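See structure below.
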Amino acid sequence: MQPLIDNARMFGQRPEEFARLAEGQSPDVLFITCSDSRVVPALITGARPGELFELRTAGNIVPPHALEHPTSEAATIEYAVEVLGVKDIVVCGHSHCGAVGAVVRGDDLAAVPAVRDWLAHAADQPKCEDPADPTVAEAVQNHVLAQVLRLRSYPCVERRLAEGRLGLHAWFYEVHTGAVRQHRAETDTFETL
């Protein structure tokens with residue numbers, strides 16, 4: 001913890017670098033990714049403060065849209081699209097994902113009931129030929145595509161897509177190499193950016 005505290009002390013020593021951020025935010029991209037500490041959106045994209053609006057959930061899950069049961073995830077998506085007017089949404093899964101791995105392996109999650117219930121409620125079983133693969137790459141990529149499809153059911157996203165004012169992107173980040181791949185609809189494959 002001490003290195004984090006030391007950096008936070010130094011971080012606040014440069015107010016001139018952050019003064020413009022007090023004027024508001026206008027990010028172009030909503031970046032939806034996993035809560036995993038190895039996935040750092042600003043590091044992956046090179047974004048500076050104010051350039052990405054982030055939504056981090058266990059397993060980069062976009063829950064089904066349901067007006068009668070609003071979620072913080074739905075509120076974040078709606079705010080990004082309707083208020084901030086983001087032009088793109090990226091759903092970025094990652095290799096070695098514990099949440100997706102638990103789903104495809106059918107892990108016993110009785111010791112973590114909130115995790116178990118979140119995954120059961122929000123994640124469909126992604127297609128995976130080899131659940132023993134520690135990278136769970138195939139499963140994560142299929143899972144990311146399912147989350148992008150879910151996003152399309154959000155009324156604000158559906159409307160902006162129909163107007164041609166929003167792009168959806170499916171990314172896969174390899175924790176062990178740093179490589180980022182994007183889904184290409186024309187080949188239905190994830191290819192290096």
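Scheme for the structure tokens: letters A, B, ... for chains in order shown; per-chain residue numbers from 1; ligand numbers from 1 in order shown.
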inquiry  = What's around A:Arg184 at 12 Å? Count only C-alpha atoms, leave out sequence neighbours fewer than 2 positions away in its own chain, and write the answer as a ChimeraX atom specification.
reply    = /A:141,145,168-172,181-182,186-193
message = Residues near stretch 28-41 of chain A, anyone? I mean within 6 Å using only C-alpha atoms, not counting same-chain ones fewer than 4 positions away, as a list of chain:residue names.
response = A:Leu52, A:Phe53, A:Glu54, A:Leu55, A:Arg56, A:Thr57, A:Ala58, A:Gly59, A:Asn60, A:Val86, A:Lys87, A:Asp88, A:Ile89, A:Val90, A:Val91, A:Cys92
Next, the residues of the selection above should be written as a compact mmCIF listing (two decimals), in the first residue's frame with all heavy atoms.
```txt
# COMPACT_ATOMS: atom_id res chain seq x y z
N LEU A 52 -11.44 8.67 -21.78
CA LEU A 52 -12.21 7.43 -21.74
C LEU A 52 -13.23 7.51 -20.61
O LEU A 52 -12.89 7.93 -19.51
CB LEU A 52 -11.32 6.22 -21.45
CG LEU A 52 -10.40 5.66 -22.50
CD1 LEU A 52 -9.64 4.45 -21.94
CD2 LEU A 52 -11.15 5.27 -23.75
N PHE A 53 -14.44 7.07 -20.89
CA PHE A 53 -15.43 6.88 -19.83
C PHE A 53 -15.43 5.38 -19.60
O PHE A 53 -15.64 4.61 -20.55
CB PHE A 53 -16.80 7.38 -20.30
CG PHE A 53 -17.77 7.61 -19.18
CD1 PHE A 53 -17.55 8.59 -18.23
CD2 PHE A 53 -18.93 6.86 -19.10
CE1 PHE A 53 -18.46 8.80 -17.20
CE2 PHE A 53 -19.85 7.07 -18.09
CZ PHE A 53 -19.62 8.04 -17.13
N GLU A 54 -15.17 4.94 -18.39
CA GLU A 54 -14.96 3.52 -18.13
C GLU A 54 -16.10 2.88 -17.35
O GLU A 54 -16.66 3.49 -16.44
CB GLU A 54 -13.67 3.31 -17.33
CG GLU A 54 -12.42 3.70 -18.08
CD GLU A 54 -11.17 3.48 -17.26
OE1 GLU A 54 -11.18 2.66 -16.31
OE2 GLU A 54 -10.16 4.14 -17.55
N LEU A 55 -16.39 1.64 -17.73
CA LEU A 55 -17.31 0.79 -16.99
C LEU A 55 -16.58 -0.51 -16.74
O LEU A 55 -16.22 -1.21 -17.67
CB LEU A 55 -18.59 0.54 -17.79
CG LEU A 55 -19.58 -0.48 -17.20
CD1 LEU A 55 -20.00 -0.09 -15.79
CD2 LEU A 55 -20.79 -0.61 -18.11
N ARG A 56 -16.32 -0.80 -15.46
CA ARG A 56 -15.59 -2.01 -15.09
C ARG A 56 -16.52 -2.91 -14.31
O ARG A 56 -17.08 -2.49 -13.29
CB ARG A 56 -14.36 -1.64 -14.26
CG ARG A 56 -13.53 -0.53 -14.84
CD ARG A 56 -12.21 -0.82 -15.44
NE ARG A 56 -11.48 -1.95 -15.03
CZ ARG A 56 -10.17 -1.92 -14.80
NH1 ARG A 56 -9.50 -0.81 -14.86
NH2 ARG A 56 -9.54 -3.02 -14.51
N THR A 57 -16.70 -4.12 -14.80
CA THR A 57 -17.55 -5.09 -14.11
C THR A 57 -16.83 -6.43 -14.08
O THR A 57 -15.98 -6.71 -14.92
CB THR A 57 -18.90 -5.29 -14.82
OG1 THR A 57 -18.70 -5.96 -16.05
CG2 THR A 57 -19.61 -3.97 -15.06
N ALA A 58 -17.19 -7.27 -13.13
CA ALA A 58 -16.64 -8.62 -13.10
C ALA A 58 -17.00 -9.30 -14.41
O ALA A 58 -18.18 -9.41 -14.76
CB ALA A 58 -17.21 -9.40 -11.92
N GLY A 59 -16.00 -9.69 -15.17
CA GLY A 59 -16.21 -10.38 -16.44
C GLY A 59 -16.66 -9.48 -17.57
O GLY A 59 -17.21 -9.96 -18.55
N ASN A 60 -16.44 -8.18 -17.47
CA ASN A 60 -16.90 -7.18 -18.46
C ASN A 60 -18.33 -7.47 -18.94
O ASN A 60 -18.65 -7.39 -20.12
CB ASN A 60 -15.94 -7.03 -19.65
CG ASN A 60 -15.59 -8.31 -20.37
OD1 ASN A 60 -14.61 -8.95 -20.02
ND2 ASN A 60 -16.37 -8.71 -21.35
N VAL A 86 -20.92 9.81 -26.33
CA VAL A 86 -19.77 9.06 -26.84
C VAL A 86 -20.05 8.59 -28.27
O VAL A 86 -21.20 8.33 -28.64
CB VAL A 86 -19.38 7.86 -25.94
CG1 VAL A 86 -18.94 8.32 -24.56
CG2 VAL A 86 -20.50 6.84 -25.85
N LYS A 87 -19.00 8.51 -29.06
CA LYS A 87 -19.13 8.11 -30.46
C LYS A 87 -18.88 6.62 -30.66
O LYS A 87 -19.26 6.05 -31.67
CB LYS A 87 -18.17 8.92 -31.31
CG LYS A 87 -18.47 10.40 -31.33
CD LYS A 87 -17.40 11.17 -32.10
CE LYS A 87 -17.67 12.65 -32.11
NZ LYS A 87 -17.46 13.29 -30.83
N ASP A 88 -18.20 6.01 -29.68
CA ASP A 88 -17.85 4.60 -29.78
C ASP A 88 -17.96 3.94 -28.42
O ASP A 88 -17.72 4.59 -27.39
CB ASP A 88 -16.42 4.43 -30.30
CG ASP A 88 -16.27 4.88 -31.73
OD1 ASP A 88 -16.66 4.11 -32.62
OD2 ASP A 88 -15.79 6.01 -31.97
N ILE A 89 -18.28 2.65 -28.45
CA ILE A 89 -18.25 1.82 -27.24
C ILE A 89 -17.38 0.61 -27.55
O ILE A 89 -17.58 -0.07 -28.56
CB ILE A 89 -19.64 1.34 -26.81
CG1 ILE A 89 -20.57 2.53 -26.52
CG2 ILE A 89 -19.54 0.43 -25.58
CD1 ILE A 89 -22.01 2.14 -26.19
N VAL A 90 -16.40 0.37 -26.69
CA VAL A 90 -15.53 -0.79 -26.79
C VAL A 90 -15.86 -1.73 -25.65
O VAL A 90 -15.91 -1.30 -24.49
CB VAL A 90 -14.04 -0.39 -26.70
CG1 VAL A 90 -13.14 -1.61 -26.64
CG2 VAL A 90 -13.64 0.53 -27.84
N VAL A 91 -16.10 -2.99 -25.97
CA VAL A 91 -16.19 -4.03 -24.93
C VAL A 91 -14.90 -4.82 -25.05
O VAL A 91 -14.62 -5.41 -26.10
CB VAL A 91 -17.41 -4.95 -25.11
CG1 VAL A 91 -17.41 -6.04 -24.03
CG2 VAL A 91 -18.71 -4.16 -25.06
N CYS A 92 -14.10 -4.81 -24.01
CA CYS A 92 -12.78 -5.43 -24.05
C CYS A 92 -12.68 -6.55 -23.01
O CYS A 92 -12.65 -6.29 -21.81
CB CYS A 92 -11.71 -4.38 -23.78
SG CYS A 92 -10.02 -5.00 -23.87
```
note = As a check of understanding: the span from atom CA of A:Thr177 to atom CA of A:His94 is 11.0 Å
message = as a list of chain:residue names, please: the residues near A:Ala42 (cut-off 9 Å, only C-alpha atoms, same-chain neighbours under 6 positions excluded).
response =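 Listed by chain and then number, they are A:Arg48, A:Pro49, A:Glu51, A:Leu52.
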File dump, residues just selected, N, CA, C and O atoms, as a short mmCIF file (atom, residue, chain, number, x, y, z; two decimals), in the first residue's frame:
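Now in out17.cif:
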```
data_model
loop_
_atom_site.label_atom_id
_atom_site.label_comp_id
_atom_site.auth_asym_id
_atom_site.auth_seq_id
_atom_site.Cartn_x
_atom_site.Cartn_y
_atom_site.Cartn_z
N ARG A 48 -5.47 9.73 -21.97
CA ARG A 48 -5.18 10.67 -20.89
C ARG A 48 -6.46 10.88 -20.08
O ARG A 48 -7.56 10.54 -20.55
N PRO A 49 -6.35 11.47 -18.89
CA PRO A 49 -7.56 11.75 -18.11
C PRO A 49 -8.58 12.53 -18.94
O PRO A 49 -8.24 13.48 -19.64
N GLU A 51 -10.36 11.22 -21.46
CA GLU A 51 -10.53 10.70 -22.82
C GLU A 51 -11.34 9.40 -22.88
O GLU A 51 -11.84 9.06 -23.95
N LEU A 52 -11.44 8.67 -21.78
CA LEU A 52 -12.21 7.43 -21.74
C LEU A 52 -13.23 7.51 -20.61
O LEU A 52 -12.89 7.93 -19.51
#
```
key: Residue list (strand (DSSP E), DSSP) for stretch 50-139 of chain A, as a list in words   =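 Filtering stretch 50-139 of chain A down to strand (DSSP E) leaves Leu52, Phe53, Glu54, Leu55, Arg56, Thr57, Asp88, Ile89, Val90, Val91, Cys92, Gly93 and His94 of chain A.
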inquiry  = Give me the residues near stretch 125-135 of chain A as a VMD selection string, where near means some atom within 12 Å (using only C-alpha atoms) and where sequence neighbours in that chain fewer than 6 positions away do not count.
reply    = chain A and resid 59 93 to 107 119 141 to 147 172 to 177
Output N, CA, C and O atoms for every residue in the selection just made, as a CSV table (one decimal), in the first residue's frame.
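Writing done, so here's out00.csv:
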```csv
chain,number,residue,atom,x,y,z
A,59,GLY,N,-16.0,-9.7,-15.2
A,59,GLY,CA,-16.2,-10.4,-16.4
A,59,GLY,C,-16.7,-9.5,-17.6
A,59,GLY,O,-17.2,-10.0,-18.5
A,93,GLY,N,-12.6,-7.8,-23.5
A,93,GLY,CA,-12.4,-8.9,-22.6
A,93,GLY,C,-10.9,-9.2,-22.6
A,93,GLY,O,-10.1,-8.6,-23.3
A,94,HIS,N,-10.5,-10.1,-21.7
A,94,HIS,CA,-9.1,-10.4,-21.6
A,94,HIS,C,-8.8,-11.9,-21.4
A,94,HIS,O,-9.6,-12.6,-20.8
A,95,SER,N,-7.6,-12.3,-21.7
A,95,SER,CA,-7.2,-13.6,-21.5
A,95,SER,C,-7.1,-13.9,-20.0
A,95,SER,O,-7.0,-13.0,-19.2
A,96,HIS,N,-7.1,-15.1,-19.6
A,96,HIS,CA,-7.0,-15.5,-18.2
A,96,HIS,C,-8.1,-14.9,-17.3
A,96,HIS,O,-7.8,-14.6,-16.1
A,97,CYS,N,-9.3,-14.7,-17.9
A,97,CYS,CA,-10.4,-14.1,-17.1
A,97,CYS,C,-11.0,-15.1,-16.1
A,97,CYS,O,-11.5,-16.1,-16.5
A,98,GLY,N,-10.9,-14.7,-14.9
A,98,GLY,CA,-11.4,-15.6,-13.8
A,98,GLY,C,-12.9,-15.8,-13.9
A,98,GLY,O,-13.4,-16.9,-13.7
A,99,ALA,N,-13.7,-14.7,-14.3
A,99,ALA,CA,-15.1,-14.8,-14.3
A,99,ALA,C,-15.6,-15.7,-15.5
A,99,ALA,O,-16.4,-16.7,-15.3
A,100,VAL,N,-15.0,-15.5,-16.7
A,100,VAL,CA,-15.4,-16.3,-17.8
A,100,VAL,C,-14.9,-17.8,-17.6
A,100,VAL,O,-15.6,-18.7,-17.9
A,101,GLY,N,-13.7,-17.9,-17.1
A,101,GLY,CA,-13.2,-19.3,-16.8
A,101,GLY,C,-14.1,-20.0,-15.8
A,101,GLY,O,-14.4,-21.2,-16.0
A,102,ALA,N,-14.6,-19.3,-14.8
A,102,ALA,CA,-15.5,-20.0,-13.8
A,102,ALA,C,-16.8,-20.4,-14.5
A,102,ALA,O,-17.3,-21.5,-14.2
A,103,VAL,N,-17.3,-19.6,-15.4
A,103,VAL,CA,-18.5,-20.0,-16.1
A,103,VAL,C,-18.3,-21.2,-17.0
A,103,VAL,O,-19.1,-22.2,-16.9
A,104,VAL,N,-17.3,-21.2,-17.8
A,104,VAL,CA,-17.1,-22.3,-18.7
A,104,VAL,C,-16.6,-23.6,-18.0
A,104,VAL,O,-16.9,-24.7,-18.5
A,105,ARG,N,-16.0,-23.5,-16.9
A,105,ARG,CA,-15.5,-24.7,-16.1
A,105,ARG,C,-16.6,-25.2,-15.2
A,105,ARG,O,-16.5,-26.3,-14.7
A,106,GLY,N,-17.6,-24.3,-14.9
A,106,GLY,CA,-18.6,-24.7,-14.0
A,106,GLY,C,-18.1,-24.8,-12.5
A,106,GLY,O,-18.5,-25.6,-11.7
A,107,ASP,N,-17.2,-23.8,-12.2
A,107,ASP,CA,-16.6,-23.8,-10.9
A,107,ASP,C,-17.6,-23.6,-9.8
A,107,ASP,O,-18.7,-23.0,-10.0
A,119,LEU,N,-22.7,-13.8,-12.0
A,119,LEU,CA,-22.4,-14.6,-13.2
A,119,LEU,C,-23.6,-15.4,-13.7
A,119,LEU,O,-23.9,-15.5,-14.9
A,141,GLN,N,-13.6,-14.4,-26.1
A,141,GLN,CA,-14.0,-13.8,-27.3
A,141,GLN,C,-15.4,-13.9,-27.6
A,141,GLN,O,-16.1,-13.0,-28.0
A,142,ASN,N,-16.0,-15.1,-27.4
A,142,ASN,CA,-17.4,-15.4,-27.6
A,142,ASN,C,-18.2,-14.6,-26.6
A,142,ASN,O,-19.3,-14.0,-26.9
A,143,HIS,N,-17.7,-14.5,-25.4
A,143,HIS,CA,-18.4,-13.7,-24.3
A,143,HIS,C,-18.5,-12.2,-24.7
A,143,HIS,O,-19.5,-11.6,-24.5
A,144,VAL,N,-17.4,-11.7,-25.2
A,144,VAL,CA,-17.3,-10.3,-25.6
A,144,VAL,C,-18.4,-10.0,-26.7
A,144,VAL,O,-19.1,-9.0,-26.6
A,145,LEU,N,-18.4,-10.9,-27.7
A,145,LEU,CA,-19.4,-10.7,-28.7
A,145,LEU,C,-20.9,-10.8,-28.2
A,145,LEU,O,-21.7,-10.0,-28.6
A,146,ALA,N,-21.1,-11.6,-27.2
A,146,ALA,CA,-22.4,-11.7,-26.6
A,146,ALA,C,-22.7,-10.3,-25.8
A,146,ALA,O,-23.9,-9.9,-25.9
A,147,GLN,N,-21.7,-9.7,-25.2
A,147,GLN,CA,-21.9,-8.5,-24.5
A,147,GLN,C,-22.2,-7.3,-25.5
A,147,GLN,O,-23.0,-6.5,-25.2
A,172,PHE,N,-10.2,-8.0,-27.6
A,172,PHE,CA,-9.7,-9.0,-26.7
A,172,PHE,C,-8.2,-8.7,-26.4
A,172,PHE,O,-7.4,-8.5,-27.3
A,173,TYR,N,-7.9,-8.5,-25.1
A,173,TYR,CA,-6.6,-8.2,-24.7
A,173,TYR,C,-5.9,-9.4,-24.1
A,173,TYR,O,-6.5,-10.1,-23.2
A,174,GLU,N,-4.7,-9.7,-24.6
A,174,GLU,CA,-3.9,-10.8,-24.1
A,174,GLU,C,-3.0,-10.3,-22.9
A,174,GLU,O,-2.1,-9.6,-23.1
A,175,VAL,N,-3.4,-10.7,-21.7
A,175,VAL,CA,-2.6,-10.3,-20.5
A,175,VAL,C,-1.2,-10.7,-20.6
A,175,VAL,O,-0.3,-10.0,-20.2
A,176,HIS,N,-0.9,-11.9,-21.2
A,176,HIS,CA,0.4,-12.5,-21.2
A,176,HIS,C,1.3,-11.9,-22.3
A,176,HIS,O,2.6,-12.1,-22.3
A,177,THR,N,0.8,-11.2,-23.3
A,177,THR,CA,1.6,-10.6,-24.4
A,177,THR,C,1.4,-9.1,-24.5
A,177,THR,O,2.3,-8.4,-25.1
```
